[in-house]
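The next block holds one structure in the form of structure tokens; read it before the comments.
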Amino acid sequence: MTTDMTGVLRRTRLFGAVPDADLASLAGVSRTRAFRRGQIVCAMGDPGDTLIVVLSGRVKVAVRSADGGELTLVMVGPGGTLGEVSVADGGPRSADVETVEDSRLLFLPRTLVQDICVRVPAAGQALAGSVAETLRRLTEAASDLVFLDLPRRVAKVLLSQSRDSVGLIAPQLTQEQLARQVAGTRQSVNAALRGFERRGWIAVQGRAVTLRQPEVLARFAGS
């Protein structure tokens, strides 16, 4: 088990250059948990005492309003990590983490991760880079919410998704999930997608979206 987890940690951005002995120690005190789709992994304000690695499935990081509104900040899939900001500053969780698929997650003690980042310069640099990336993403998202209309925000999210050689986005996003990433409603997202489809920029079949003219979509979004 420890050997398997050492390999998993080695493939993450944060621990790729960490010595084997440190990875083995970290793997030895890690714990794995399985979650069903739609479960809350941790909530805003919870103690940020672990770094989370996604082993399988997908999770979303989201903030919610008192009246039930939701804004999805990022989706994280296998090999991704969560909680770097709390590792860096020791503060509580700054958002909710919820599974969007059945998932297996690995939890690593923050104190040990901090110790490794102090002793291994490459790990410390990777942590700083991850925190900086989070800041840049949130700055861009805030700018988009202020300066871009909803169709352009939808276009940017579509362009940010992984897709195959023919432009098919995978894994698929529901319109509700897409709406929560652009601070819109499912109906407004549907209208934007249908508009793109009429122009020939995308093809929509059920939940499957294929980008047919990503370069045109990028120009529309201002990317």
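Letters A, B, ... mark the chains of the structure tokens in the order given; residue numbers begin at 1 per chain; ligand numbers begin at 1, in order shown.
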List as a PDB file with N, CA and C atoms, in the first residue's frame the protein and nucleic acid residues near A:Arg194, meaning an atom at most 9 Å away when only C-alpha atoms are counted, but skip any in the same chain fewer than 6 places from it.
```pdb
ATOM      1  N   ILE A 202     -19.899  24.956 -32.399  1.00  0.00           N
ATOM      2  CA  ILE A 202     -19.897  23.735 -31.590  1.00  0.00           C
ATOM      3  C   ILE A 202     -21.001  22.810 -32.093  1.00  0.00           C
ATOM      4  N   ALA A 203     -20.959  21.556 -31.632  1.00  0.00           N
ATOM      5  CA  ALA A 203     -22.046  20.604 -31.848  1.00  0.00           C
ATOM      6  C   ALA A 203     -22.458  20.068 -30.486  1.00  0.00           C
ATOM      7  N   VAL A 204     -23.765  20.029 -30.246  1.00  0.00           N
ATOM      8  CA  VAL A 204     -24.283  19.549 -28.980  1.00  0.00           C
ATOM      9  C   VAL A 204     -25.166  18.344 -29.235  1.00  0.00           C
TER      10      VAL A 204
END
```
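Proximity to stretch 172-174 of chain A at 8 Å, evaluated using only C-alpha atoms and with sequence-adjacent residues fewer than 4 positions away removed, yields Leu178, Arg207, Ala208 and Val209 of chain A.
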Grab the residues selected above and save them as a tab-separated table (two decimals), in the first residue's frame with C-alpha atoms.
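Below you can see out_28.tsv, which holds the result:
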```tsv
chain	number	residue	atom	x	y	z
A	178	LEU	CA	-21.44	24.67	-16.56
A	207	ARG	CA	-24.49	16.16	-22.72
A	208	ALA	CA	-21.73	15.81	-25.32
A	209	VAL	CA	-20.23	19.06	-26.64
```
Check the DSSP output for the backbone and give back, as a VMD selection string, the residues of chain A in strand (DSSP E).
-> chain A and resid 31 to 35 40 to 42 50 to 56 59 to 64 70 to 76 81 to 82 96 to 99 103 to 109 202 to 205 208 to 211
Give me the residues within 7 Å of stretch 110-122 of chain A as a PyMOL selection string, counting only C-alpha atoms and dropping any in the same chain fewer than 2 places off.
-> chain A and resi 17-18+49-51+87+108+124-126
Output file for the residues above (all heavy atoms, as a short mmCIF file (atom, residue, chain, number, x, y, z; two decimals), in the first residue's frame):
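Just written: again-v1.cif:
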```
data_model
loop_
_atom_site.label_atom_id
_atom_site.label_comp_id
_atom_site.auth_asym_id
_atom_site.auth_seq_id
_atom_site.Cartn_x
_atom_site.Cartn_y
_atom_site.Cartn_z
N ALA A 17 9.75 15.89 -7.06
CA ALA A 17 11.20 15.92 -6.81
C ALA A 17 11.56 15.58 -5.36
O ALA A 17 12.70 15.76 -4.95
CB ALA A 17 11.75 17.30 -7.16
N VAL A 18 10.60 15.07 -4.60
CA VAL A 18 10.84 14.76 -3.19
C VAL A 18 11.56 13.42 -3.06
O VAL A 18 11.22 12.46 -3.75
CB VAL A 18 9.50 14.74 -2.41
CG1 VAL A 18 9.70 14.24 -0.99
CG2 VAL A 18 8.89 16.13 -2.41
N ASP A 49 -6.27 21.13 7.73
CA ASP A 49 -5.18 20.34 8.32
C ASP A 49 -4.69 19.21 7.43
O ASP A 49 -3.86 18.40 7.85
CB ASP A 49 -5.60 19.78 9.68
CG ASP A 49 -6.92 19.01 9.61
OD1 ASP A 49 -7.47 18.86 8.50
OD2 ASP A 49 -7.39 18.56 10.67
N THR A 50 -5.19 19.14 6.19
CA THR A 50 -4.72 18.10 5.27
C THR A 50 -4.58 18.67 3.87
O THR A 50 -5.29 19.60 3.47
CB THR A 50 -5.69 16.89 5.20
OG1 THR A 50 -6.99 17.35 4.83
CG2 THR A 50 -5.74 16.14 6.51
N LEU A 51 -3.68 18.08 3.11
CA LEU A 51 -3.61 18.26 1.66
C LEU A 51 -4.33 17.07 1.05
O LEU A 51 -4.16 15.93 1.50
CB LEU A 51 -2.16 18.29 1.18
CG LEU A 51 -1.98 18.52 -0.33
CD1 LEU A 51 -2.17 20.00 -0.66
CD2 LEU A 51 -0.59 18.06 -0.78
N VAL A 87 -2.09 24.74 3.35
CA VAL A 87 -0.75 24.25 3.68
C VAL A 87 0.20 25.43 3.84
O VAL A 87 1.03 25.47 4.75
CB VAL A 87 -0.23 23.29 2.59
CG1 VAL A 87 1.26 22.99 2.79
CG2 VAL A 87 -1.02 21.99 2.61
N LEU A 108 -3.34 13.92 3.32
CA LEU A 108 -1.97 13.99 3.83
C LEU A 108 -1.90 15.05 4.93
O LEU A 108 -2.40 16.17 4.76
CB LEU A 108 -1.00 14.37 2.71
CG LEU A 108 -1.08 13.53 1.43
CD1 LEU A 108 -0.25 14.17 0.33
CD2 LEU A 108 -0.62 12.11 1.70
N GLY A 124 8.94 23.21 -2.11
CA GLY A 124 8.53 24.54 -1.69
C GLY A 124 8.20 25.43 -2.88
O GLY A 124 7.22 26.18 -2.86
N GLN A 125 9.01 25.32 -3.94
CA GLN A 125 8.75 26.10 -5.14
C GLN A 125 7.46 25.65 -5.81
O GLN A 125 6.68 26.48 -6.31
CB GLN A 125 9.93 25.97 -6.11
CG GLN A 125 11.20 26.67 -5.63
CD GLN A 125 12.41 26.34 -6.48
OE1 GLN A 125 12.31 25.60 -7.46
NE2 GLN A 125 13.55 26.90 -6.11
N ALA A 126 7.23 24.35 -5.81
CA ALA A 126 5.99 23.83 -6.40
C ALA A 126 4.77 24.30 -5.63
O ALA A 126 3.73 24.64 -6.21
CB ALA A 126 6.03 22.30 -6.46
#
```
Using DSSP on the backbone coordinates, identify all residues within stretch 73-187 of chain A classified as helix (DSSP H, G or I); present the result as a PyMOL selection string.
-> chain A and resi 84-89+110-119+121-147+150-160+175-182+186-187
At most 10 Å is the cut-off: for each residue in stretch 130-213 of chain A with any atom that close to an atom of stretch 52-67 of chain A, write down the nearest atom pair and the distance in Å rounded to one decimal, counting only C-alpha atoms, chain first then increasing number, as a Markdown table.
```
| residue | atom | partner | partner_atom | distance |
| --- | --- | --- | --- | --- |
| A:Pro171 | CA | A:Arg58 | CA | 9.5 |
| A:Gln177 | CA | A:Lys60 | CA | 9.6 |
| A:Arg180 | CA | A:Ala62 | CA | 8.7 |
| A:Gln181 | CA | A:Ala62 | CA | 8.9 |
```
Could you give me, as a list in words, the residues within 9 Å of A:Phe220, counting only C-alpha atoms and dropping anything in the same chain fewer than 4 positions from it?
-> Arg152, Ala155, Glu215 and Val216 of chain A
Export N, CA and C atoms of the chosen residues as a PDB file, in the first residue's frame?
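Result saved to part-v3.pdb:
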```
ATOM      1  N   ARG A 152     -19.857  34.859 -23.425  1.00  0.00           N
ATOM      2  CA  ARG A 152     -18.390  34.850 -23.507  1.00  0.00           C
ATOM      3  C   ARG A 152     -17.768  34.062 -22.353  1.00  0.00           C
ATOM      4  N   ALA A 155     -18.094  30.488 -23.345  1.00  0.00           N
ATOM      5  CA  ALA A 155     -17.090  30.157 -24.359  1.00  0.00           C
ATOM      6  C   ALA A 155     -15.727  29.903 -23.711  1.00  0.00           C
ATOM      7  N   GLU A 215     -11.049  28.141 -32.708  1.00  0.00           N
ATOM      8  CA  GLU A 215     -10.360  29.403 -32.940  1.00  0.00           C
ATOM      9  C   GLU A 215     -11.358  30.565 -33.042  1.00  0.00           C
ATOM     10  N   VAL A 216     -12.523  30.301 -33.651  1.00  0.00           N
ATOM     11  CA  VAL A 216     -13.563  31.334 -33.730  1.00  0.00           C
ATOM     12  C   VAL A 216     -14.156  31.587 -32.347  1.00  0.00           C
TER      13      VAL A 216
END
```
Rank A:Asp46, A:Asp149, A:Glu176, A:Asp4 by their smallest atom-to-atom distance to A:Gly28, using only C-alpha atoms, and report the top residue only.
-> A:Asp4
